[in-house]
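Participant: Sharing input_1.cif here; it has mmCIF, C-alpha atoms.
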data_target
#
loop_
_atom_site.label_atom_id
_atom_site.label_comp_id
_atom_site.auth_asym_id
_atom_site.auth_seq_id
_atom_site.Cartn_x
_atom_site.Cartn_y
_atom_site.Cartn_z
CA MET A 1 -6.56 -1.76 3.80
CA THR A 2 -7.64 -4.84 5.76
CA ALA A 3 -5.71 -7.52 3.89
CA ASP A 4 -4.39 -10.45 5.89
CA ARG A 5 -1.36 -9.46 7.90
CA GLY A 6 0.37 -12.66 6.81
CA ALA A 7 0.01 -11.70 3.17
CA ALA A 8 1.55 -8.33 3.91
CA GLU A 9 4.60 -10.01 5.39
CA ASP A 10 5.06 -13.11 3.22
CA PRO A 11 4.28 -13.26 -0.53
CA ASP A 12 3.93 -17.09 -0.25
CA TYR A 13 1.28 -16.71 2.43
CA GLY A 14 -1.46 -17.31 -0.16
CA LEU A 15 -0.21 -20.85 -0.79
CA ASP A 16 -1.50 -21.82 2.63
CA ARG A 17 -4.92 -20.57 1.59
CA LEU A 18 -4.65 -22.41 -1.73
CA TYR A 19 -4.09 -25.70 0.09
CA ALA A 20 -6.37 -24.88 3.02
CA GLY A 21 -8.98 -27.37 1.76
CA TRP A 22 -6.43 -30.11 1.03
CA GLU A 23 -7.52 -32.16 4.07
CA ARG A 24 -11.06 -32.37 2.73
CA GLN A 25 -9.76 -33.33 -0.71
CA VAL A 26 -7.65 -36.15 0.77
CA HIS A 27 -10.77 -37.59 2.39
CA TRP A 28 -12.25 -37.92 -1.09
CA TRP A 29 -9.07 -39.66 -2.25
CA ASP A 30 -9.41 -42.04 0.70
CA ALA A 31 -12.98 -42.82 -0.26
CA ALA A 32 -12.10 -43.31 -3.94
CA PHE A 33 -9.25 -45.63 -3.00
CA GLY A 34 -11.49 -47.77 -0.79
CA VAL A 35 -14.26 -47.95 -3.40
CA ILE A 36 -11.94 -48.95 -6.26
CA VAL A 37 -10.15 -51.63 -4.20
CA ALA A 38 -13.49 -53.04 -3.05
CA LEU A 39 -14.92 -53.06 -6.59
CA THR A 40 -11.77 -54.73 -7.90
CA ALA A 41 -12.04 -57.45 -5.24
CA VAL A 42 -15.71 -58.05 -6.11
CA ALA A 43 -14.96 -58.03 -9.85
CA MET A 44 -12.25 -60.66 -9.44
CA ALA A 45 -14.62 -62.93 -7.53
CA LEU A 46 -17.39 -62.44 -10.09
CA GLU A 47 -14.97 -62.99 -12.98
CA GLY A 48 -14.34 -66.49 -11.72
CA THR A 49 -10.95 -66.18 -10.11
CA ARG A 50 -10.78 -68.89 -7.48
CA GLY A 51 -8.46 -70.68 -5.11
CA THR A 52 -4.86 -69.73 -4.79
CA GLN A 53 -5.04 -67.07 -7.45
CA LEU A 54 -7.85 -65.25 -5.66
CA ALA A 55 -6.08 -65.57 -2.31
CA VAL A 56 -2.83 -64.18 -3.72
CA ALA A 57 -4.67 -61.30 -5.39
CA TYR A 58 -6.57 -60.50 -2.21
CA ALA A 59 -3.34 -60.68 -0.22
CA ALA A 60 -1.69 -58.24 -2.63
CA MET A 61 -4.62 -55.86 -2.43
CA GLY A 62 -4.73 -56.23 1.35
CA THR A 63 -1.06 -55.31 1.50
CA ILE A 64 -1.79 -52.22 -0.61
CA VAL A 65 -4.64 -51.22 1.73
CA VAL A 66 -2.48 -51.65 4.84
CA ALA A 67 0.35 -49.69 3.24
CA TYR A 68 -2.07 -46.93 2.33
CA VAL A 69 -3.49 -46.72 5.85
CA LEU A 70 -0.03 -46.65 7.44
CA LEU A 71 1.94 -44.72 4.84
CA GLY A 72 -0.04 -43.44 1.86
CA ALA A 73 -2.69 -41.51 3.76
CA ARG A 74 -0.02 -39.92 5.97
CA ALA A 75 2.10 -39.00 2.94
CA ALA A 76 -0.93 -37.42 1.26
CA ARG A 77 -1.53 -35.18 4.28
CA THR A 78 2.06 -34.33 5.15
CA ARG A 79 3.45 -34.36 1.58
CA ASN A 80 6.42 -36.31 2.91
CA GLN A 81 8.20 -37.58 -0.20
CA ARG A 82 10.13 -40.40 1.47
CA VAL A 83 6.99 -41.93 2.95
CA ALA A 84 5.23 -41.46 -0.37
CA VAL A 85 7.94 -43.32 -2.28
CA VAL A 86 7.84 -46.27 0.13
CA TYR A 87 4.08 -46.54 -0.21
CA LEU A 88 4.18 -46.25 -4.00
CA VAL A 89 6.74 -49.05 -4.24
CA VAL A 90 4.29 -51.27 -2.35
CA LEU A 91 1.48 -50.05 -4.63
CA VAL A 92 3.42 -50.87 -7.82
CA VAL A 93 4.50 -54.34 -6.65
CA GLY A 94 1.09 -55.15 -5.17
CA THR A 95 -0.74 -54.06 -8.32
CA GLY A 96 1.59 -56.14 -10.48
CA VAL A 97 1.04 -59.23 -8.30
CA ALA A 98 -2.75 -58.75 -8.25
CA VAL A 99 -2.88 -58.34 -12.03
CA SER A 100 -0.77 -61.50 -12.46
CA GLN A 101 -3.58 -63.46 -10.76
CA GLY A 102 -6.39 -61.90 -12.77
CA GLY A 103 -6.44 -59.30 -15.51
CA ILE A 104 -9.50 -57.63 -14.02
CA ALA A 105 -7.22 -56.38 -11.22
CA SER A 106 -6.00 -53.78 -13.69
CA LEU A 107 -8.94 -51.72 -12.39
CA LEU A 108 -6.52 -50.70 -9.68
CA LEU A 109 -4.79 -48.52 -12.27
CA PHE A 110 -7.62 -45.99 -11.98
CA ILE A 111 -6.49 -45.08 -8.48
CA ALA A 112 -2.81 -46.04 -8.83
CA PHE A 113 -1.97 -43.56 -11.61
CA GLY A 114 -3.81 -40.81 -9.73
CA GLN A 115 -1.89 -41.50 -6.55
CA MET A 116 1.39 -41.33 -8.45
CA TRP A 117 0.73 -37.74 -9.42
CA MET A 118 -0.91 -36.81 -6.14
CA LEU A 119 1.93 -38.03 -3.92
CA LEU A 120 4.98 -37.31 -6.10
CA GLU A 121 5.47 -33.56 -6.36
CA SER A 122 7.97 -33.49 -9.23
CA ILE A 123 7.21 -34.23 -12.86
CA ARG A 124 10.27 -36.43 -13.22
CA ARG A 125 9.28 -38.64 -10.30
CA GLY A 126 5.71 -38.78 -11.53
CA VAL A 127 6.76 -39.99 -14.99
CA ILE A 128 9.13 -42.60 -13.49
CA GLY A 129 6.38 -43.84 -11.18
CA CYS A 130 3.88 -44.15 -14.03
CA VAL A 131 6.38 -46.04 -16.18
CA ALA A 132 7.20 -48.40 -13.30
CA LEU A 133 3.50 -49.03 -12.70
CA ALA A 134 2.85 -49.71 -16.42
CA VAL A 135 5.80 -52.09 -16.58
CA ALA A 136 4.65 -53.93 -13.44
CA VAL A 137 1.15 -54.38 -14.82
CA SER A 138 2.45 -55.47 -18.23
CA VAL A 139 4.73 -58.05 -16.58
CA GLY A 140 1.88 -59.21 -14.35
CA ILE A 141 -0.54 -59.75 -17.22
CA SER A 142 2.14 -61.43 -19.32
CA ALA A 143 3.10 -63.69 -16.39
CA GLN A 144 -0.50 -64.83 -16.13
CA TYR A 145 -0.24 -66.27 -19.65
CA GLY A 146 3.30 -67.56 -19.35
CA PHE A 147 4.85 -64.59 -21.16
CA ASP A 148 3.28 -65.61 -24.46
CA LEU A 149 4.56 -63.38 -27.25
CA ALA A 150 1.10 -62.98 -28.75
CA VAL A 151 -0.30 -61.86 -25.40
CA MET A 152 2.60 -59.53 -24.83
CA GLY A 153 2.04 -58.09 -28.32
CA GLU A 154 -1.47 -57.11 -27.23
CA VAL A 155 -0.67 -56.03 -23.71
CA VAL A 156 2.32 -53.80 -24.38
CA PRO A 157 0.61 -51.48 -26.94
CA GLN A 158 -2.44 -51.18 -24.68
CA MET A 159 -0.29 -50.28 -21.71
CA LEU A 160 1.64 -47.77 -23.80
CA VAL A 161 -1.61 -46.02 -24.68
CA THR A 162 -2.64 -46.09 -21.03
CA LEU A 163 0.78 -44.80 -20.00
CA VAL A 164 0.68 -41.93 -22.49
CA PHE A 165 -2.78 -40.97 -21.29
CA ALA A 166 -1.73 -41.14 -17.61
CA ILE A 167 1.42 -39.08 -18.20
CA GLY A 168 -0.49 -36.51 -20.24
CA LEU A 169 -3.14 -36.19 -17.55
CA GLY A 170 -0.48 -35.91 -14.88
CA LEU A 171 1.43 -33.25 -16.78
CA TRP A 172 -1.76 -31.25 -17.25
CA PHE A 173 -2.42 -31.55 -13.52
CA HIS A 174 1.09 -30.38 -12.65
CA VAL A 175 0.95 -27.46 -15.07
CA ALA A 176 -2.44 -26.40 -13.71
CA MET A 177 -1.21 -26.58 -10.14
CA ARG A 178 2.01 -24.75 -10.99
CA ARG A 179 0.04 -21.96 -12.63
CA ALA A 180 -2.27 -21.80 -9.64
CA GLU A 181 0.73 -21.52 -7.30
CA ASP A 182 2.32 -18.84 -9.50
CA HIS A 183 -0.96 -16.96 -9.52
CA VAL A 184 -1.20 -17.15 -5.75
CA ARG A 185 2.40 -16.00 -5.36
CA LEU A 186 1.73 -13.04 -7.64
CA LEU A 187 -1.33 -12.19 -5.58
CA GLY A 188 0.80 -12.49 -2.46
CA LYS A 189 3.36 -10.06 -3.89
CA LEU A 190 0.53 -7.73 -4.88
CA HIS A 191 -0.81 -7.85 -1.31
CA VAL A 192 2.68 -7.05 -0.03
CA ALA A 193 3.00 -4.11 -2.43
CA GLN A 194 -0.47 -2.84 -1.51
CA ALA A 195 0.22 -3.17 2.20
CA ARG A 196 3.54 -1.34 1.86
CA LEU A 197 1.95 1.34 -0.30
CA ALA A 198 -0.84 1.79 2.23
CA GLN A 199 1.71 2.05 5.04
CA THR A 200 3.81 4.52 3.06
CA SER A 201 0.75 6.58 2.17
CA HIS A 202 -0.34 6.57 5.79
CA GLU A 203 3.09 7.68 6.98
CA ALA A 204 3.24 10.34 4.27
CA GLY A 205 -0.23 11.53 5.25
CA VAL A 206 0.73 11.70 8.91
CA LEU A 207 3.90 13.63 8.05
CA ALA A 208 2.02 15.99 5.73
CA GLU A 209 -0.60 16.62 8.41
CA ARG A 210 2.09 17.30 11.00
CA GLU A 211 3.76 19.75 8.63
CA ARG A 212 0.41 21.39 7.89
CA LEU A 213 -0.36 21.78 11.58
CA ALA A 214 3.13 23.12 12.24
CA ARG A 215 2.75 25.72 9.49
CA GLU A 216 -0.73 26.69 10.64
CA ILE A 217 0.39 27.04 14.26
CA HIS A 218 3.43 29.08 13.20
CA ASP A 219 1.44 31.32 10.86
CA THR A 220 -1.45 31.97 13.25
CA LEU A 221 -1.19 30.96 16.88
CA ALA A 222 2.53 31.59 17.36
CA GLN A 223 2.31 35.03 15.78
CA GLY A 224 -0.78 35.84 17.80
CA PHE A 225 0.96 34.87 21.01
CA THR A 226 3.96 36.97 20.02
CA SER A 227 1.65 39.93 19.59
CA VAL A 228 0.01 39.22 22.96
CA VAL A 229 3.40 39.20 24.67
CA MET A 230 4.50 42.45 23.02
CA GLN A 231 1.21 44.21 23.81
CA ALA A 232 1.31 42.99 27.40
CA GLN A 233 4.85 44.36 27.73
CA ALA A 234 3.71 47.65 26.25
CA ALA A 235 0.79 47.79 28.70
CA SER A 236 3.12 47.14 31.63
CA ALA A 237 5.43 49.88 30.45
CA ALA A 238 2.49 52.28 30.16
CA LEU A 239 1.35 51.44 33.69
CA ASP A 240 4.87 52.04 34.99
CA VAL A 241 4.68 55.66 33.78
CA GLY A 242 1.07 56.11 34.90
CA ASP A 243 -0.42 56.17 31.38
CA GLU A 244 -3.60 54.26 32.14
CA ARG A 245 -5.25 55.15 28.82
CA ALA A 246 -2.37 53.68 26.76
CA ALA A 247 -2.35 50.59 28.95
CA ARG A 248 -6.06 50.04 28.38
CA GLU A 249 -5.55 50.38 24.62
CA ARG A 250 -2.80 47.78 24.70
CA LEU A 251 -4.96 45.45 26.81
CA HIS A 252 -7.81 45.91 24.36
CA VAL A 253 -5.49 44.79 21.54
CA VAL A 254 -4.40 41.82 23.69
CA GLU A 255 -8.04 40.81 24.16
CA ASP A 256 -8.84 41.07 20.45
CA THR A 257 -5.71 39.13 19.50
CA ALA A 258 -6.48 36.41 22.05
CA ARG A 259 -10.02 36.09 20.71
CA ASP A 260 -8.69 35.80 17.16
CA ASN A 261 -6.21 33.17 18.29
CA LEU A 262 -8.96 31.19 19.97
CA ALA A 263 -11.06 31.30 16.81
CA GLU A 264 -8.04 30.26 14.71
CA ALA A 265 -7.35 27.36 17.08
CA ARG A 266 -10.94 26.14 16.76
CA ALA A 267 -10.81 26.46 12.99
CA LEU A 268 -7.49 24.63 12.93
CA VAL A 269 -8.86 21.70 14.94
CA ALA A 270 -11.97 21.52 12.76
CA ALA A 271 -9.91 21.94 9.55
CA PHE A 272 -11.96 24.99 8.55
CA ALA A 273 -10.76 27.85 6.39
CA PRO A 274 -8.83 30.60 8.20
CA VAL A 275 -11.14 32.74 10.31
CA ALA A 276 -10.18 35.86 8.35
CA LEU A 277 -11.52 34.30 5.14
CA GLN A 278 -14.72 32.77 6.50
CA ASP A 279 -16.78 35.94 6.07
CA ALA A 280 -14.57 38.07 3.82
CA SER A 281 -12.69 38.05 0.52
CA LEU A 282 -8.92 38.03 0.38
CA PRO A 283 -8.61 41.83 -0.20
CA GLN A 284 -10.88 42.44 2.80
CA ALA A 285 -8.92 39.97 4.94
CA LEU A 286 -5.64 41.66 3.97
CA GLY A 287 -7.12 45.05 4.88
CA ARG A 288 -8.14 43.79 8.32
CA LEU A 289 -4.75 42.15 8.78
CA GLY A 290 -2.99 45.43 7.92
CA THR A 291 -5.19 47.42 10.28
CA ARG A 292 -4.56 45.03 13.16
CA PHE A 293 -0.82 45.00 12.45
CA ALA A 294 -0.74 48.79 12.47
CA GLU A 295 -2.56 48.87 15.82
CA GLU A 296 -0.16 46.36 17.33
CA THR A 297 3.11 47.86 16.07
CA GLY A 298 2.37 51.50 15.40
CA LEU A 299 3.79 51.15 11.88
CA GLU A 300 2.22 52.77 8.83
CA VAL A 301 0.55 49.99 6.85
CA THR A 302 -0.90 50.47 3.36
CA VAL A 303 -2.94 47.74 1.65
CA ARG A 304 -3.75 48.01 -2.06
CA ALA A 305 -5.88 45.32 -3.68
CA ASP A 306 -7.71 46.86 -6.62
CA GLY A 307 -9.04 44.85 -9.55
CA VAL A 308 -8.77 41.44 -7.93
CA GLY A 309 -11.74 39.16 -8.57
CA ALA A 310 -12.96 36.08 -6.79
CA LEU A 311 -10.18 33.58 -6.10
CA PRO A 312 -10.21 29.85 -5.32
CA PRO A 313 -10.18 29.19 -1.56
CA ALA A 314 -6.84 27.35 -1.79
CA VAL A 315 -5.19 30.36 -3.44
CA GLU A 316 -6.68 32.75 -0.88
CA VAL A 317 -5.35 30.66 2.02
CA VAL A 318 -1.85 30.50 0.51
CA LEU A 319 -1.66 34.27 -0.06
CA LEU A 320 -3.17 35.15 3.32
CA ARG A 321 -0.64 32.95 5.11
CA ALA A 322 2.16 34.51 3.04
CA ALA A 323 1.05 37.97 4.11
CA GLN A 324 0.87 36.89 7.77
CA GLU A 325 4.40 35.49 7.63
CA ALA A 326 5.64 38.65 5.91
CA PHE A 327 4.13 40.81 8.69
CA ALA A 328 5.68 38.51 11.30
CA ASN A 329 9.12 38.93 9.72
CA VAL A 330 8.67 42.71 9.62
CA ARG A 331 7.75 42.69 13.31
CA ARG A 332 10.73 40.57 14.33
CA HIS A 333 13.53 41.64 12.00
CA ALA A 334 12.86 44.64 9.78
CA GLN A 335 12.94 47.59 12.21
CA ALA A 336 10.75 49.30 9.63
CA ARG A 337 8.53 52.38 9.78
CA ALA A 338 6.13 51.53 6.96
CA VAL A 339 4.80 48.47 5.17
CA VAL A 340 3.04 48.32 1.81
CA VAL A 341 0.92 45.35 0.73
CA ARG A 342 -0.11 45.03 -2.91
CA LEU A 343 -2.45 42.38 -4.33
CA ALA A 344 -2.83 42.32 -8.10
CA GLN A 345 -4.13 40.00 -10.81
CA ASP A 346 -2.89 40.06 -14.39
CA ASP A 347 -4.76 39.22 -17.60
CA GLU A 348 -3.52 35.63 -17.55
CA GLY A 349 -5.07 35.03 -14.14
CA GLU A 350 -1.89 35.01 -12.07
CA VAL A 351 -2.28 36.66 -8.69
CA THR A 352 0.69 38.50 -7.18
CA LEU A 353 1.07 39.42 -3.53
CA THR A 354 3.87 41.86 -2.73
CA VAL A 355 4.80 42.92 0.79
CA SER A 356 7.54 45.56 1.03
CA ASP A 357 8.97 47.48 3.97
CA ASP A 358 11.52 50.24 4.50
CA GLY A 359 13.48 48.40 7.17
CA ARG A 360 17.08 47.32 7.40
CA GLY A 361 16.81 44.97 4.45
CA PHE A 362 17.34 41.33 3.62
CA GLY A 363 21.00 40.31 3.88
CA PRO A 364 22.49 38.14 1.11
CA ASP A 365 23.55 35.51 3.67
CA THR A 366 20.25 35.45 5.48
CA ALA A 367 18.95 31.88 5.64
CA ASP A 368 15.33 30.84 5.52
CA GLY A 369 13.79 30.15 8.89
CA PHE A 370 10.87 27.83 9.51
CA GLY A 371 8.39 30.52 8.51
CA LEU A 372 9.92 31.28 5.12
CA ALA A 373 10.48 27.60 4.40
CA GLY A 374 6.86 26.86 5.21
CA MET A 375 5.75 29.78 3.06
CA ARG A 376 7.76 28.46 0.11
CA ASP A 377 6.14 25.05 0.52
CA ARG A 378 2.69 26.61 0.60
CA VAL A 379 3.24 28.69 -2.53
CA ARG A 380 4.89 25.78 -4.36
CA SER A 381 1.99 23.47 -3.46
CA ALA A 382 -0.37 25.88 -5.23
CA GLY A 383 1.79 25.86 -8.37
CA GLY A 384 3.30 29.26 -7.68
CA ARG A 385 6.70 30.73 -6.89
CA LEU A 386 8.08 32.86 -4.12
CA ALA A 387 10.87 35.44 -4.16
CA VAL A 388 12.34 37.29 -1.20
CA GLY A 389 15.05 39.91 -1.45
CA PRO A 390 16.07 43.54 -0.99
CA GLY A 391 13.88 46.28 -2.44
CA PRO A 392 15.09 48.86 -4.96
CA ASP A 393 15.08 51.61 -2.28
CA GLY A 394 16.16 49.45 0.64
CA GLY A 395 14.14 47.33 2.94
CA THR A 396 12.82 43.90 2.01
CA VAL A 397 10.33 42.77 -0.61
CA LEU A 398 8.44 39.49 -0.52
CA CYS A 399 6.66 38.53 -3.72
CA ALA A 400 4.38 35.50 -4.11
CA ARG A 401 2.90 34.66 -7.51
CA VAL A 402 0.20 32.01 -7.78
CA PRO A 403 -1.75 31.01 -10.91
CA VAL A 404 -5.48 30.98 -10.20
CA ASP A 405 -6.17 27.82 -12.20
CA ALA A 406 -3.21 25.80 -10.84
CA HIS A 407 -3.83 22.34 -9.52
CA VAL A 408 -2.64 21.77 -5.99
CA ASP A 409 0.44 19.65 -6.49
CA ALA A 410 3.28 19.31 -4.06
CA THR A 411 5.70 18.76 -6.90
CA ALA A 412 4.59 21.70 -9.01
CA GLY A 413 5.95 25.20 -8.96
CA ALA A 414 8.85 27.01 -10.40
CA GLN A 415 12.27 27.30 -8.87
CA ASP A 416 12.35 29.65 -5.89
CA GLU A 417 14.57 32.67 -6.32
CA ASN A 418 16.32 34.75 -3.70
CA GLN A 419 16.97 37.76 -5.86
CA GLU A 420 16.19 41.43 -6.07
CA VAL A 421 12.47 42.07 -6.62
CA ALA A 422 11.04 45.26 -8.03
CA GLY A 423 8.43 46.85 -5.80
#
Let's see the structure in the file written out as structure tokens.
Facilitator:
Amino acid sequence: MTADRGAAEDPDYGLDRLYAGWERQVHWWDAAFGVIVALTAVAMALEGTRGTQLAVAYAAMGTIVVAYVLLGARAARTRNQRVAVVYLVVLVVGTGVAVSQGGIASLLLFIAFGQMWMLLESIRRGVIGCVALAVAVSVGISAQYGFDLAVMGEVVPQMLVTLVFAIGLGLWFHVAMRRAEDHVRLLGKLHVAQARLAQTSHEAGVLAERERLAREIHDTLAQGFTSVVMQAQAASAALDVGDERAARERLHVVEDTARDNLAEARALVAAFAPVALQDASLPQALGRLGTRFAEETGLEVTVRADGVGALPPAVEVVLLRAAQEAFANVRRHAQARAVVVRLAQDDEGEVTLTVSDDGRGFGPDTADGFGLAGMRDRVRSAGGRLAVGPGPDGGTVLCARVPVDAHVDATAGAQDENQEVAG
């Protein structure tokens, strides 16, 4: 995700973008203000206003222009409410004075009402400003005719209509802007949520990849290196007693194991399938695994995998890694003489891998190490379940059951059971 960093940190960040073009908009307000004041001045001269009245009106409008240059324009750009109020007071008084010298000066209302809503950011202040402006203009026009009741009867209703229109337009403007700000804030919060979700997903992905690499290294490379060490020790022992033939056999096993480890390392880096499954089915891979284990340990290894059809690659990887971990546990802990591996598939499509040995057994207080914990995670991720416990005739039995059509889901899978498993 390449969203703005500011949006990811501050949900109100979008408001800055909303008002990013405000400076250009204020320039248009400046131009409109200048045009309306100039047209009003020309209209008063053309209407026939002369002498003192024209001078007073021009003085009032000049005062408004100066106040706008010094205060109003600055308030529009900085949104400083105190400066805005001072300017608007000058605008209201100046407009009232100009209108008192000539009714045509009411053209100033076109810009005055707009500036009320532009500069005052609260609805209450905007309404008060519009009312004050309407009152000032009404008083100005009435003063021009000596506060004649008939004139006031015409002016007041007209100004009320104008006031209602100005307030309605201002309220619509405020509501539109408020909705725009709310929309931007919601978008800002959405950006924050998306950024946090992306970060969380990235961290979860990194953690999952680390766990995957740790399991792969434990299930392949670490076990291979363990075998290399044991075979090298056996070769040294054979050389010590002068048995060159046995030493060569052990060194041959070391070479084959090292080559397999190198291939597994390359496949791990490239995220390929396990080397054992790249050119063979799961039953064939288990057979080769059993043969190699027998060569390395001297144990009797039997692999039975009849009636098992083609399996999804994900299921094959899970069961192959389970078998590798089971062999590793037999090597390290079982002190066994024989190992039996069974791979079966029932009518409902569930595949069962059972690895049993005749060793010293699985104690009730034995805790899962990293290998068993990783194996449980693998089986659970494929929608299956894993059970490890003592066999009916002694030794240890590991049983992994995986449905063939299961979706890979880290949350799926039945509860793991550490209980007695029939062979």
Participant: Work out how far apart atom CA of A:Leu221 and atom CA of A:Asn261 are and give it in Å to one decimal.
Facilitator: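 One can read the atom CA of A:Leu221 to atom CA of A:Asn261 distance as 5.7 Å.
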Participant: Can you translate the PyMOL selection byres ((chain A and resi 253) around 8) into the concrete residues it hits in this file, as a PyMOL selection string?
Facilitator: chain A and resi 228+231+249-252+254-257+295-296
Participant: Generate the output file for the selected residues, C-alpha atoms, as a short mmCIF file (atom, residue, chain, number, x, y, z; two decimals), keeping the file's coordinate frame.
Facilitator:
data_model
loop_
_atom_site.label_atom_id
_atom_site.label_comp_id
_atom_site.auth_asym_id
_atom_site.auth_seq_id
_atom_site.Cartn_x
_atom_site.Cartn_y
_atom_site.Cartn_z
CA VAL A 228 0.01 39.22 22.96
CA GLN A 231 1.21 44.21 23.81
CA GLU A 249 -5.55 50.38 24.62
CA ARG A 250 -2.80 47.78 24.70
CA LEU A 251 -4.96 45.45 26.81
CA HIS A 252 -7.81 45.91 24.36
CA VAL A 254 -4.40 41.82 23.69
CA GLU A 255 -8.04 40.81 24.16
CA ASP A 256 -8.84 41.07 20.45
CA THR A 257 -5.71 39.13 19.50
CA GLU A 295 -2.56 48.87 15.82
CA GLU A 296 -0.16 46.36 17.33
#
Participant: Rank nothing, just name the residue among A:Met152, A:Ala112, A:Ala322, A:Leu163 nearest to A:Trp29, using only C-alpha atoms.
Facilitator: A:Ala112
Participant: I need the residue set behind the PyMOL selection byres ((chain A and resi 336-353) around 9) for this file; please write it as an MDAnalysis selection string.
Facilitator: chainID A and resid 283 286 290 298:309 311 315 319 322:323 327 330:331 333:335 354:360 384 395 398:405
Participant: List the residues sitting within 9 Å of (-8.8, -61.4, -8.9) in the file's frame, using all atoms listed in the file, as an NGL selection string.
Facilitator: :A and (40-50 or 53-58 or 98-105)
Participant: Quote the spacing between atom CA of A:Ile111 and atom CA of A:Ala32 in Å to one decimal place.
Facilitator: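 Between atom CA of A:Ile111 and atom CA of A:Ala32 the gap works out to 7.4 Å.
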Participant: May I ask for the distance between atom CA of A:Val83 and atom CA of A:Phe173, given in Å to one decimal place?
Facilitator: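 About the pair atom CA of A:Val83 and atom CA of A:Phe173: they are 21.6 Å apart.
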Participant: Would you mind telling me which residue in A:Thr63, A:Ala193, A:Gly224, A:Ala326 lies nearest to A:Ala387 when using all atoms listed in the file?
Facilitator: A:Ala326
Participant: Would you kindly translate the PyMOL selection byres ((chain A and resi 113) around 12) into the concrete residues it picks from this file, as a compact mmCIF listing (two decimals) with C-alpha atoms, in the coordinates of the input?
Facilitator:
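Result went into part.txt, see below:
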# COMPACT_ATOMS: atom_id res chain seq x y z
CA PHE A 33 -9.25 -45.63 -3.00
CA LEU A 88 4.18 -46.25 -4.00
CA LEU A 91 1.48 -50.05 -4.63
CA VAL A 92 3.42 -50.87 -7.82
CA THR A 95 -0.74 -54.06 -8.32
CA SER A 106 -6.00 -53.78 -13.69
CA LEU A 107 -8.94 -51.72 -12.39
CA LEU A 108 -6.52 -50.70 -9.68
CA LEU A 109 -4.79 -48.52 -12.27
CA PHE A 110 -7.62 -45.99 -11.98
CA ILE A 111 -6.49 -45.08 -8.48
CA ALA A 112 -2.81 -46.04 -8.83
CA GLY A 114 -3.81 -40.81 -9.73
CA GLN A 115 -1.89 -41.50 -6.55
CA MET A 116 1.39 -41.33 -8.45
CA TRP A 117 0.73 -37.74 -9.42
CA MET A 118 -0.91 -36.81 -6.14
CA LEU A 119 1.93 -38.03 -3.92
CA LEU A 120 4.98 -37.31 -6.10
CA GLY A 126 5.71 -38.78 -11.53
CA VAL A 127 6.76 -39.99 -14.99
CA ILE A 128 9.13 -42.60 -13.49
CA GLY A 129 6.38 -43.84 -11.18
CA CYS A 130 3.88 -44.15 -14.03
CA VAL A 131 6.38 -46.04 -16.18
CA ALA A 132 7.20 -48.40 -13.30
CA LEU A 133 3.50 -49.03 -12.70
CA ALA A 134 2.85 -49.71 -16.42
CA VAL A 137 1.15 -54.38 -14.82
CA THR A 162 -2.64 -46.09 -21.03
CA LEU A 163 0.78 -44.80 -20.00
CA VAL A 164 0.68 -41.93 -22.49
CA PHE A 165 -2.78 -40.97 -21.29
CA ALA A 166 -1.73 -41.14 -17.61
CA ILE A 167 1.42 -39.08 -18.20
CA GLY A 168 -0.49 -36.51 -20.24
CA LEU A 169 -3.14 -36.19 -17.55
CA GLY A 170 -0.48 -35.91 -14.88
Participant: Nearest residue to A:Gly62 out of A:Val175, A:Ala38, A:Leu197, A:Ala150, using all atoms listed in the file?
Facilitator: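 Of A:Val175, A:Ala38, A:Leu197, A:Ala150, the one nearest A:Gly62, counting all atoms listed in the file, is A:Ala38.
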Participant: Take stretch 316-324 of chain A from the preceding structure and save N, CA and C atoms as a JSON list (two decimals), in the first residue's frame.
Facilitator:
[["chain", "number", "residue", "atom", "x", "y", "z"],
["A", 316, "GLU", "N", 0.74, -33.96, 0.52],
["A", 316, "GLU", "CA", 1.96, -34.77, 0.43],
["A", 316, "GLU", "C", 3.09, -34.15, 1.25],
["A", 317, "VAL", "N", 3.24, -32.82, 1.16],
["A", 317, "VAL", "CA", 4.31, -32.15, 1.90],
["A", 317, "VAL", "C", 4.09, -32.31, 3.40],
["A", 318, "VAL", "N", 2.85, -32.12, 3.86],
["A", 318, "VAL", "CA", 2.56, -32.24, 5.29],
["A", 318, "VAL", "C", 2.88, -33.64, 5.80],
["A", 319, "LEU", "N", 2.47, -34.66, 5.07],
["A", 319, "LEU", "CA", 2.69, -36.04, 5.53],
["A", 319, "LEU", "C", 4.16, -36.44, 5.42],
["A", 320, "LEU", "N", 4.85, -35.96, 4.38],
["A", 320, "LEU", "CA", 6.28, -36.28, 4.28],
["A", 320, "LEU", "C", 7.05, -35.65, 5.43],
["A", 321, "ARG", "N", 6.75, -34.40, 5.74],
["A", 321, "ARG", "CA", 7.44, -33.75, 6.86],
["A", 321, "ARG", "C", 7.10, -34.44, 8.19],
["A", 322, "ALA", "N", 5.88, -34.91, 8.33],
["A", 322, "ALA", "CA", 5.51, -35.64, 9.56],
["A", 322, "ALA", "C", 6.33, -36.92, 9.68],
["A", 323, "ALA", "N", 6.49, -37.62, 8.57],
["A", 323, "ALA", "CA", 7.30, -38.84, 8.61],
["A", 323, "ALA", "C", 8.75, -38.52, 8.93],
["A", 324, "GLN", "N", 9.30, -37.46, 8.36],
["A", 324, "GLN", "CA", 10.68, -37.09, 8.65],
["A", 324, "GLN", "C", 10.87, -36.77, 10.13]]
